[in-house]
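Asks: Below is the file work.txt, with compact mmCIF, C-alpha atoms and all ligand atoms.
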```txt
# COMPACT_ATOMS: atom_id res chain seq x y z
CA MET T 1 -3.56 24.14 6.39
CA THR T 2 -4.17 20.92 4.44
CA SER T 3 -7.88 19.99 4.33
CA ASN T 4 -9.14 16.43 4.66
CA THR T 5 -9.87 16.17 0.95
CA ASN T 6 -6.55 17.79 -0.01
CA TYR T 7 -4.69 15.29 2.11
CA HIS T 8 -6.35 12.26 0.55
CA ILE T 9 -9.81 11.26 -0.67
CA PRO T 10 -10.49 7.71 0.53
CA VAL T 11 -11.65 5.24 -2.12
CA LEU T 12 -14.41 2.61 -2.01
CA THR T 13 -15.49 3.86 1.44
CA THR T 14 -19.05 2.48 1.37
CA GLU T 15 -17.77 -0.84 0.08
CA VAL T 16 -15.06 -1.01 2.78
CA LEU T 17 -17.56 -0.38 5.58
CA GLU T 18 -19.86 -3.05 4.22
CA ALA T 19 -16.93 -5.44 3.84
CA LEU T 20 -15.76 -4.98 7.43
CA ASN T 21 -19.25 -5.66 8.76
CA ILE T 22 -18.42 -3.66 11.88
CA ASN T 23 -19.33 -4.84 15.37
CA PRO T 24 -19.62 -1.66 17.53
CA GLU T 25 -17.84 -3.45 20.36
CA GLY T 26 -15.12 -4.96 18.19
CA ILE T 27 -11.41 -4.29 17.71
CA TYR T 28 -10.38 -3.00 14.28
CA VAL T 29 -7.07 -2.16 12.62
CA ASP T 30 -6.53 0.40 9.89
CA CYS T 31 -3.04 -0.54 8.67
CA THR T 32 -2.81 2.48 6.34
CA LEU T 33 -4.20 5.47 8.21
CA GLY T 34 -3.16 8.15 5.65
CA GLY T 35 -5.43 11.16 6.09
CA GLY T 36 -7.81 9.14 8.30
CA GLY T 37 -10.69 9.05 5.79
CA HIS T 38 -11.50 5.37 6.23
CA SER T 39 -10.67 5.48 9.94
CA SER T 40 -13.11 8.32 10.57
CA GLN T 41 -15.91 6.21 9.09
CA ILE T 42 -14.90 3.08 11.01
CA VAL T 43 -14.54 4.81 14.38
CA GLN T 44 -17.98 6.40 14.10
CA LYS T 45 -19.47 2.91 14.07
CA LEU T 46 -17.77 1.90 17.32
CA THR T 47 -19.35 2.18 20.78
CA THR T 48 -17.04 0.39 23.18
CA GLY T 49 -14.86 -0.91 20.35
CA LYS T 50 -11.31 0.22 19.56
CA LEU T 51 -9.48 1.17 16.38
CA ILE T 52 -5.74 0.74 15.99
CA CYS T 53 -4.42 3.15 13.35
CA ILE T 54 -1.04 2.43 11.78
CA ASP T 55 1.02 4.49 9.35
CA GLN T 56 4.75 4.51 8.73
CA ASP T 57 4.60 8.18 7.74
CA LYS T 58 4.87 10.63 10.67
CA ASP T 59 3.00 13.30 8.68
CA ALA T 60 -0.02 10.99 8.31
CA ILE T 61 -0.12 10.28 12.05
CA LYS T 62 0.13 13.99 12.87
CA PHE T 63 -2.57 14.99 10.39
CA ALA T 64 -5.02 12.21 11.29
CA LYS T 65 -4.51 12.67 15.05
CA GLU T 66 -5.76 16.21 14.67
CA ARG T 67 -8.59 15.21 12.31
CA LEU T 68 -9.81 12.43 14.60
CA LYS T 69 -9.28 14.22 17.93
CA GLU T 70 -12.89 13.81 19.04
CA TYR T 71 -12.44 10.01 18.92
CA HIS T 72 -9.11 9.72 20.75
CA ASP T 73 -10.66 7.58 23.51
CA LYS T 74 -11.37 4.90 20.89
CA ILE T 75 -8.18 5.12 18.82
CA ILE T 76 -4.61 3.92 19.31
CA PHE T 77 -2.21 5.62 16.87
CA THR T 78 0.99 3.82 15.89
CA ASN T 79 3.76 5.21 13.72
CA ASP T 80 5.16 1.95 12.34
CA ASN T 81 5.27 -0.34 9.33
CA PHE T 82 2.23 -2.63 9.12
CA ALA T 83 4.63 -5.51 8.52
CA HIS T 84 5.11 -5.28 12.33
CA LEU T 85 1.42 -5.99 12.96
CA GLU T 86 2.20 -8.84 15.36
CA LYS T 87 4.44 -6.64 17.54
CA ILE T 88 1.93 -3.75 17.43
CA LEU T 89 -0.94 -5.96 18.58
CA TYR T 90 1.18 -7.60 21.27
CA LEU T 91 2.42 -4.27 22.68
CA ASN T 92 -1.17 -2.99 22.87
CA GLY T 93 -2.45 -6.16 24.51
CA PHE T 94 -4.63 -7.55 21.72
CA SER T 95 -4.53 -11.26 20.87
CA LYS T 96 -7.42 -11.17 18.35
CA VAL T 97 -9.10 -8.47 16.25
CA ASP T 98 -12.41 -8.31 14.36
CA GLY T 99 -11.39 -6.56 11.18
CA ILE T 100 -8.36 -5.24 9.32
CA LEU T 101 -8.19 -2.71 6.50
CA ILE T 102 -5.17 -2.27 4.23
CA ASP T 103 -5.40 0.52 1.62
CA LEU T 104 -2.12 0.07 -0.22
CA GLY T 105 0.16 2.57 -1.89
CA VAL T 106 0.80 6.24 -1.28
CA SER T 107 -1.55 9.03 -0.25
CA SER T 108 -2.31 12.07 -2.40
CA TYR T 109 -0.49 14.15 0.23
CA GLN T 110 2.70 12.12 -0.25
CA LEU T 111 2.48 12.31 -4.04
CA ASP T 112 1.68 16.01 -4.09
CA THR T 113 4.18 17.22 -1.48
CA LEU T 114 7.20 18.57 -3.32
CA GLU T 115 9.85 17.70 -0.73
CA ARG T 116 8.84 14.03 -0.60
CA GLY T 117 10.31 13.56 -4.10
CA PHE T 118 7.64 11.12 -5.38
CA SER T 119 6.46 13.06 -8.39
CA TYR T 120 7.92 13.27 -11.88
CA ARG T 121 5.93 16.47 -12.36
CA MET T 122 7.69 18.48 -9.59
CA ASP T 123 11.41 19.09 -9.14
CA ALA T 124 12.74 17.95 -5.76
CA GLU T 125 15.44 15.70 -4.36
CA LEU T 126 14.68 12.10 -5.30
CA ASP T 127 13.46 10.49 -2.08
CA MET T 128 10.16 8.53 -2.27
CA ARG T 129 10.38 7.11 1.25
CA MET T 130 7.05 6.82 3.05
CA ASN T 131 9.05 6.59 6.28
CA GLN T 132 11.66 9.32 6.01
CA SER T 133 13.49 8.24 9.14
CA SER T 134 14.36 4.81 7.83
CA GLY T 135 16.54 3.45 5.02
CA VAL T 136 17.77 5.35 1.99
CA GLY T 137 15.79 7.21 -0.64
CA ALA T 138 15.50 6.76 -4.40
CA ARG T 139 18.55 8.99 -5.00
CA TRP T 140 20.82 6.39 -3.43
CA TYR T 141 19.37 3.50 -5.46
CA VAL T 142 19.52 5.40 -8.76
CA ASN T 143 23.18 6.29 -8.21
CA ASN T 144 24.41 3.03 -6.69
CA LEU T 145 22.59 0.01 -8.13
CA THR T 146 24.07 -1.75 -11.15
CA LYS T 147 22.52 -1.41 -14.60
CA GLU T 148 21.14 -4.95 -14.28
CA GLU T 149 19.60 -4.26 -10.85
CA LEU T 150 17.94 -1.06 -12.05
CA ALA T 151 16.60 -2.73 -15.20
CA LYS T 152 15.20 -5.58 -13.13
CA ILE T 153 13.36 -3.15 -10.81
CA PHE T 154 11.94 -1.10 -13.70
CA PHE T 155 10.73 -4.25 -15.43
CA ALA T 156 9.42 -6.14 -12.39
CA TYR T 157 7.65 -3.27 -10.60
CA GLY T 158 6.94 -0.89 -13.47
CA GLU T 159 6.43 -3.41 -16.31
CA GLU T 160 8.60 -0.96 -18.28
CA LYS T 161 9.43 -2.48 -21.69
CA LYS T 162 12.47 -0.21 -22.19
CA SER T 163 13.92 -1.03 -18.78
CA ASN T 164 17.39 -2.06 -20.10
CA ARG T 165 17.73 1.04 -22.24
CA ILE T 166 16.65 3.37 -19.44
CA ALA T 167 19.02 1.67 -16.98
CA SER T 168 21.93 2.05 -19.46
CA PHE T 169 21.18 5.76 -19.87
CA ILE T 170 21.05 6.23 -16.08
CA VAL T 171 24.41 4.52 -15.60
CA ALA T 172 25.99 6.65 -18.36
CA ALA T 173 24.46 9.88 -17.02
CA ARG T 174 25.59 9.33 -13.42
CA GLN T 175 29.20 8.88 -14.58
CA GLU T 176 29.06 12.52 -15.70
CA LYS T 177 27.11 13.87 -12.72
CA GLU T 178 25.18 12.44 -9.80
CA ILE T 179 21.40 12.16 -10.40
CA VAL T 180 20.05 14.23 -7.53
CA THR T 181 16.55 15.44 -8.33
CA THR T 182 13.35 14.09 -9.83
CA PHE T 183 13.85 16.30 -12.89
CA ASP T 184 17.47 15.05 -13.31
CA LEU T 185 16.00 11.55 -13.58
CA VAL T 186 13.13 12.62 -15.84
CA GLU T 187 15.66 14.25 -18.20
CA VAL T 188 17.66 11.01 -18.48
CA ILE T 189 14.49 8.94 -19.06
CA LYS T 190 13.31 11.35 -21.74
CA ARG T 191 16.65 10.98 -23.50
CA ALA T 192 16.39 7.18 -23.34
CA VAL T 193 12.75 7.04 -24.42
CA PRO T 194 11.92 10.17 -26.40
CA TYR T 195 8.64 8.82 -27.71
CA HIS T 196 6.14 7.37 -25.28
CA GLN T 197 2.52 7.04 -26.26
CA ASN T 198 -0.04 8.75 -24.02
CA LYS T 199 1.73 8.16 -20.69
CA HIS T 200 4.47 10.36 -19.21
CA PRO T 201 7.77 8.61 -20.10
CA ALA T 202 8.84 8.55 -16.45
CA LYS T 203 5.60 7.17 -15.01
CA ARG T 204 6.55 3.50 -14.90
CA VAL T 205 10.13 4.07 -13.69
CA PHE T 206 8.94 6.32 -10.86
CA GLN T 207 6.31 3.78 -9.83
CA ALA T 208 8.92 1.01 -9.87
CA LEU T 209 11.44 2.99 -7.83
CA ARG T 210 8.78 3.94 -5.28
CA MET T 211 7.77 0.30 -4.86
CA HIS T 212 11.39 -0.78 -4.47
CA VAL T 213 12.34 1.99 -2.02
CA ASN T 214 9.39 1.09 0.24
CA ASP T 215 9.48 -2.69 -0.36
CA GLU T 216 5.78 -2.40 -1.16
CA LEU T 217 5.25 -5.91 -2.52
CA GLY T 218 7.49 -7.55 0.09
CA VAL T 219 5.35 -6.39 3.03
CA ILE T 220 2.03 -7.53 1.50
CA LYS T 221 2.74 -11.23 2.02
CA THR T 222 3.80 -10.64 5.62
CA VAL T 223 0.80 -8.50 6.53
CA ILE T 224 -1.68 -10.98 5.01
CA GLU T 225 -0.11 -13.86 6.93
CA LYS T 226 -0.16 -11.90 10.21
CA SER T 227 -3.67 -10.55 9.62
CA ILE T 228 -5.06 -14.05 9.14
CA GLN T 229 -3.22 -15.22 12.25
CA TYR T 230 -4.75 -12.45 14.40
CA LEU T 231 -8.30 -12.30 13.01
CA ALA T 232 -11.01 -13.71 15.27
CA PRO T 233 -13.46 -16.21 13.69
CA LYS T 234 -15.67 -14.31 11.22
CA GLY T 235 -13.22 -11.37 11.34
CA ARG T 236 -12.79 -9.64 8.00
CA LEU T 237 -9.68 -8.61 6.06
CA ALA T 238 -10.25 -5.94 3.39
CA ILE T 239 -7.43 -4.97 1.02
CA ILE T 240 -7.48 -2.17 -1.56
CA THR T 241 -4.86 -2.30 -4.32
CA PHE T 242 -4.05 0.17 -7.09
CA HIS T 243 -2.23 -1.84 -9.69
CA SER T 244 -2.18 -5.29 -11.17
CA LEU T 245 0.99 -6.51 -9.45
CA GLU T 246 -0.46 -5.83 -6.00
CA ASP T 247 -3.87 -7.23 -6.89
CA ARG T 248 -2.33 -10.41 -8.33
CA LEU T 249 -0.33 -10.91 -5.15
CA VAL T 250 -3.38 -10.42 -2.88
CA LYS T 251 -5.45 -12.76 -5.07
CA THR T 252 -2.74 -15.45 -4.94
CA GLU T 253 -2.28 -15.17 -1.17
CA PHE T 254 -6.04 -15.28 -0.53
CA LYS T 255 -6.30 -18.33 -2.78
CA TYR T 256 -3.50 -20.04 -0.85
CA TYR T 257 -5.05 -19.41 2.57
CA ASN T 258 -8.45 -20.57 1.22
CA MET T 259 -7.07 -23.89 -0.09
CA GLU T 260 -7.53 -27.04 1.93
CA CYS T 261 -4.71 -28.98 0.38
CA VAL T 262 -1.51 -28.12 -1.48
CA CYS T 263 -0.42 -31.69 -2.27
CA PRO T 264 0.57 -32.52 -5.85
CA PRO T 265 -2.58 -33.87 -7.61
CA ALA T 266 -0.80 -37.19 -8.28
CA LEU T 267 -0.70 -38.07 -4.55
CA PRO T 268 -3.46 -40.60 -3.71
CA VAL T 269 -4.06 -39.09 -0.25
CA CYS T 270 -3.46 -35.68 1.29
CA MET T 271 -0.13 -35.48 3.12
CA CYS T 272 0.14 -31.73 3.66
CA ASP T 273 -2.12 -31.15 6.67
CA LYS T 274 -2.91 -27.73 5.30
CA GLU T 275 -6.04 -26.08 6.64
CA SER T 276 -8.31 -23.66 4.84
CA LEU T 277 -8.24 -20.57 7.05
CA ILE T 278 -10.44 -18.10 5.17
CA HIS T 279 -13.61 -17.80 3.09
CA LEU T 280 -13.32 -15.60 0.03
CA ILE T 281 -16.03 -12.97 0.36
CA THR T 282 -15.14 -11.46 -3.02
CA LYS T 283 -14.56 -13.99 -5.79
CA LYS T 284 -13.84 -11.06 -8.10
CA PRO T 285 -12.53 -7.74 -6.77
CA ILE T 286 -14.95 -4.89 -6.10
CA ILE T 287 -14.22 -1.85 -8.26
CA PRO T 288 -15.47 1.72 -7.82
CA ALA T 289 -18.70 2.92 -9.39
CA ASP T 290 -18.40 5.31 -12.35
CA HIS T 291 -19.53 8.28 -10.28
CA GLU T 292 -16.69 7.69 -7.78
CA VAL T 293 -14.10 7.68 -10.57
CA ASP T 294 -15.68 10.83 -12.04
CA GLU T 295 -15.32 12.57 -8.69
CA ASN T 296 -11.88 11.16 -7.79
CA PHE T 297 -9.73 10.02 -10.70
CA ARG T 298 -7.22 8.35 -8.34
CA ALA T 299 -9.92 5.76 -7.60
CA HIS T 300 -9.92 4.52 -11.20
CA SER T 301 -7.53 1.59 -10.71
CA SER T 302 -8.62 0.63 -7.19
CA LYS T 303 -9.74 -2.92 -6.41
CA LEU T 304 -11.06 -4.28 -3.13
CA ARG T 305 -10.72 -7.93 -2.10
CA VAL T 306 -12.24 -9.25 1.10
CA ALA T 307 -11.68 -12.45 3.07
CA GLU T 308 -13.33 -13.77 6.24
CA ARG T 309 -11.52 -15.82 8.90
CA LYS T 310 -13.03 -19.25 9.43
C1 LIG L 1 -3.52 5.10 0.12
S1 LIG L 1 -2.97 5.86 1.58
C2 LIG L 1 -4.24 5.47 2.74
C3 LIG L 1 -5.33 6.48 2.77
C4 LIG L 1 -6.32 6.27 3.90
N1 LIG L 1 -7.05 5.03 3.76
C5 LIG L 1 -7.29 7.44 4.00
O1 LIG L 1 -8.50 7.19 4.10
O2 LIG L 1 -6.84 8.58 4.00
C6 LIG L 1 -1.72 4.77 2.10
C7 LIG L 1 -1.07 5.15 3.44
O3 LIG L 1 -0.49 3.97 3.94
C8 LIG L 1 0.79 4.22 4.39
N2 LIG L 1 1.55 2.99 4.18
C9 LIG L 1 1.84 2.38 3.01
N3 LIG L 1 2.56 1.28 3.21
C10 LIG L 1 2.69 1.16 4.57
C11 LIG L 1 3.33 0.20 5.41
N4 LIG L 1 3.99 -0.85 4.91
N5 LIG L 1 3.24 0.38 6.74
C12 LIG L 1 2.58 1.44 7.27
N6 LIG L 1 1.99 2.39 6.53
C13 LIG L 1 2.04 2.25 5.19
C14 LIG L 1 1.30 5.39 3.58
O4 LIG L 1 2.28 6.10 4.31
C15 LIG L 1 0.03 6.18 3.34
O5 LIG L 1 -0.14 7.19 4.31
```
Would you mind giving the structure from this file in structure tokens?

Replies:
Amino acid sequence: MTSNTNYHIPVLTTEVLEALNINPEGIYVDCTLGGGGHSSQIVQKLTTGKLICIDQDKDAIKFAKERLKEYHDKIIFTNDNFAHLEKILYLNGFSKVDGILIDLGVSSYQLDTLERGFSYRMDAELDMRMNQSSGVGARWYVNNLTKEELAKIFFAYGEEKKSNRIASFIVAARQEKEIVTTFDLVEVIKRAVPYHQNKHPAKRVFQALRMHVNDELGVIKTVIEKSIQYLAPKGRLAIITFHSLEDRLVKTEFKYYNMECVCPPALPVCMCDKESLIHLITKKPIIPADHEVDENFRAHSSKLRVAERK
């Protein structure tokens, strides 16, 4: 039986609770339920309030439903992509909410479960889908995308400097034999990049494939837009990211929704009618304290940004 801490140790929990500034009678959304670590803290603060818990991974819903069973009267569980926030809120009869949490990326459970095919350290069929009942897994992309498409993904999402070389090796290798497992792919990457300082040679490519398979950056813009649309005045949006691409995107989106005008500076008067919709609660992201990183290494790259609806 997977324990709560084996499933996933939540990061920046104290900071998230402070950021959400929870009203016990309010409506909250945890867009990334995972093992329910953050949700268990949020729900304990609610009296008549409700918590909507979303995860696109069926395993997360199953695990957290059991973990949070004593709070079922306050929780609505939804197995869906958070990009569908608008539909989820509509179907559950909510037109406004008081706080939204998004803890991006994958859970430790997903990374550490062999059959999910996320890890370059364990041999399994290449999959990497957070939602295993939708779309195609990494195996299909690796064997079907062109060299240019693969290189673009490795460079854009993994910031892999040898992306062209690795993509060429993949295309050559799959002409001999289909790339089926994580170790098949690791072997090809090791041949393309035999020397890699410090990091595992496959780390960046695996990260990039995972982000592509799950359209991880694509859904961030959508969920921020929808969150801001559905937050009540003074409602808070808290987003935890784990790498620079995600953080940059959240920072840019928050900046955009905070701006009052997007007219070119040369225009004598404002013509855009844009409205500033949020206050930035965090000018710089909140990062974990040293003791948290000592206890949970996966927290080391986490960053929390918080905005408040005007
Ligand atoms: C970092 S974990 C969240 C951990 C959680 N906060 C906890 O305390 O255990 C991210 C979770 O979000 C889910 N997830 C990621 N992207 C998603 C999306 N677009 N829609 C719904 N769930 C998503 C993953 O399946 C995973 O379970």

Asks: Compute the set of protein, DNA and RNA residues whose minimum atom distance to ligand LIG 1 (chain L) is at most 8 Å, using all atoms listed in the file, and state it as a VMD selection string.

Replies: chain T and resid 7 to 11 30 to 39 54 to 57 60 79 to 83 102 to 108 110 130 to 131 214 to 216 219 to 220

Asks: Could the residues in this selection be written to a file with C-alpha atoms, as a PDB file, in the frame of the given file?

Replies:
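What landed in selection_18.pdb:
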```
ATOM      1  CA  TYR T   7      -4.690  15.290   2.110  1.00  0.00           C
ATOM      2  CA  HIS T   8      -6.350  12.260   0.550  1.00  0.00           C
ATOM      3  CA  ILE T   9      -9.810  11.260  -0.670  1.00  0.00           C
ATOM      4  CA  PRO T  10     -10.490   7.710   0.530  1.00  0.00           C
ATOM      5  CA  VAL T  11     -11.650   5.240  -2.120  1.00  0.00           C
ATOM      6  CA  ASP T  30      -6.530   0.400   9.890  1.00  0.00           C
ATOM      7  CA  CYS T  31      -3.040  -0.540   8.670  1.00  0.00           C
ATOM      8  CA  THR T  32      -2.810   2.480   6.340  1.00  0.00           C
ATOM      9  CA  LEU T  33      -4.200   5.470   8.210  1.00  0.00           C
ATOM     10  CA  GLY T  34      -3.160   8.150   5.650  1.00  0.00           C
ATOM     11  CA  GLY T  35      -5.430  11.160   6.090  1.00  0.00           C
ATOM     12  CA  GLY T  36      -7.810   9.140   8.300  1.00  0.00           C
ATOM     13  CA  GLY T  37     -10.690   9.050   5.790  1.00  0.00           C
ATOM     14  CA  HIS T  38     -11.500   5.370   6.230  1.00  0.00           C
ATOM     15  CA  SER T  39     -10.670   5.480   9.940  1.00  0.00           C
ATOM     16  CA  ILE T  54      -1.040   2.430  11.780  1.00  0.00           C
ATOM     17  CA  ASP T  55       1.020   4.490   9.350  1.00  0.00           C
ATOM     18  CA  GLN T  56       4.750   4.510   8.730  1.00  0.00           C
ATOM     19  CA  ASP T  57       4.600   8.180   7.740  1.00  0.00           C
ATOM     20  CA  ALA T  60      -0.020  10.990   8.310  1.00  0.00           C
ATOM     21  CA  ASN T  79       3.760   5.210  13.720  1.00  0.00           C
ATOM     22  CA  ASP T  80       5.160   1.950  12.340  1.00  0.00           C
ATOM     23  CA  ASN T  81       5.270  -0.340   9.330  1.00  0.00           C
ATOM     24  CA  PHE T  82       2.230  -2.630   9.120  1.00  0.00           C
ATOM     25  CA  ALA T  83       4.630  -5.510   8.520  1.00  0.00           C
ATOM     26  CA  ILE T 102      -5.170  -2.270   4.230  1.00  0.00           C
ATOM     27  CA  ASP T 103      -5.400   0.520   1.620  1.00  0.00           C
ATOM     28  CA  LEU T 104      -2.120   0.070  -0.220  1.00  0.00           C
ATOM     29  CA  GLY T 105       0.160   2.570  -1.890  1.00  0.00           C
ATOM     30  CA  VAL T 106       0.800   6.240  -1.280  1.00  0.00           C
ATOM     31  CA  SER T 107      -1.550   9.030  -0.250  1.00  0.00           C
ATOM     32  CA  SER T 108      -2.310  12.070  -2.400  1.00  0.00           C
ATOM     33  CA  GLN T 110       2.700  12.120  -0.250  1.00  0.00           C
ATOM     34  CA  MET T 130       7.050   6.820   3.050  1.00  0.00           C
ATOM     35  CA  ASN T 131       9.050   6.590   6.280  1.00  0.00           C
ATOM     36  CA  ASN T 214       9.390   1.090   0.240  1.00  0.00           C
ATOM     37  CA  ASP T 215       9.480  -2.690  -0.360  1.00  0.00           C
ATOM     38  CA  GLU T 216       5.780  -2.400  -1.160  1.00  0.00           C
ATOM     39  CA  VAL T 219       5.350  -6.390   3.030  1.00  0.00           C
ATOM     40  CA  ILE T 220       2.030  -7.530   1.500  1.00  0.00           C
TER      41      ILE T 220
END
```

Asks: When you count only C-alpha atoms, which of these residues is closest to T:Lys310: T:His243, T:Tyr109, T:Tyr230, T:Ile287?

Replies: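 The closest residue to T:Lys310 is T:Tyr230.
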
Asks: To one decimal place, how far is atom CA of T:Leu267 from atom CA of T:Leu249 in Å?

Replies: 27.2 Å

Asks: Hey, can you check how far atom CA of T:Ile100 sits from atom CA of T:Leu20?

Replies: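 It comes out at 7.6 Å.
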
Asks: Which is closer to T:Glu253 than all the others in T:Thr241, T:Glu225, T:Glu275, T:Lys87, using all atoms listed in the file?

Replies: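 Ranking T:Thr241, T:Glu225, T:Glu275, T:Lys87 by distance to T:Glu253, first place goes to T:Glu225.
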
Asks: Of the residues T:Ile179, T:Met271, T:Leu277, T:Ile189, which is the one nearest to T:Ile166, using only C-alpha atoms?

Replies: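 Going through T:Ile179, T:Met271, T:Leu277, T:Ile189 one by one, the smallest distance to T:Ile166 is for T:Ile189.
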
Asks: Using atom CA of T:Thr14 and atom CA of T:Thr78 as the two end points, give the distance in Å to one decimal.

Replies: 24.8 Å
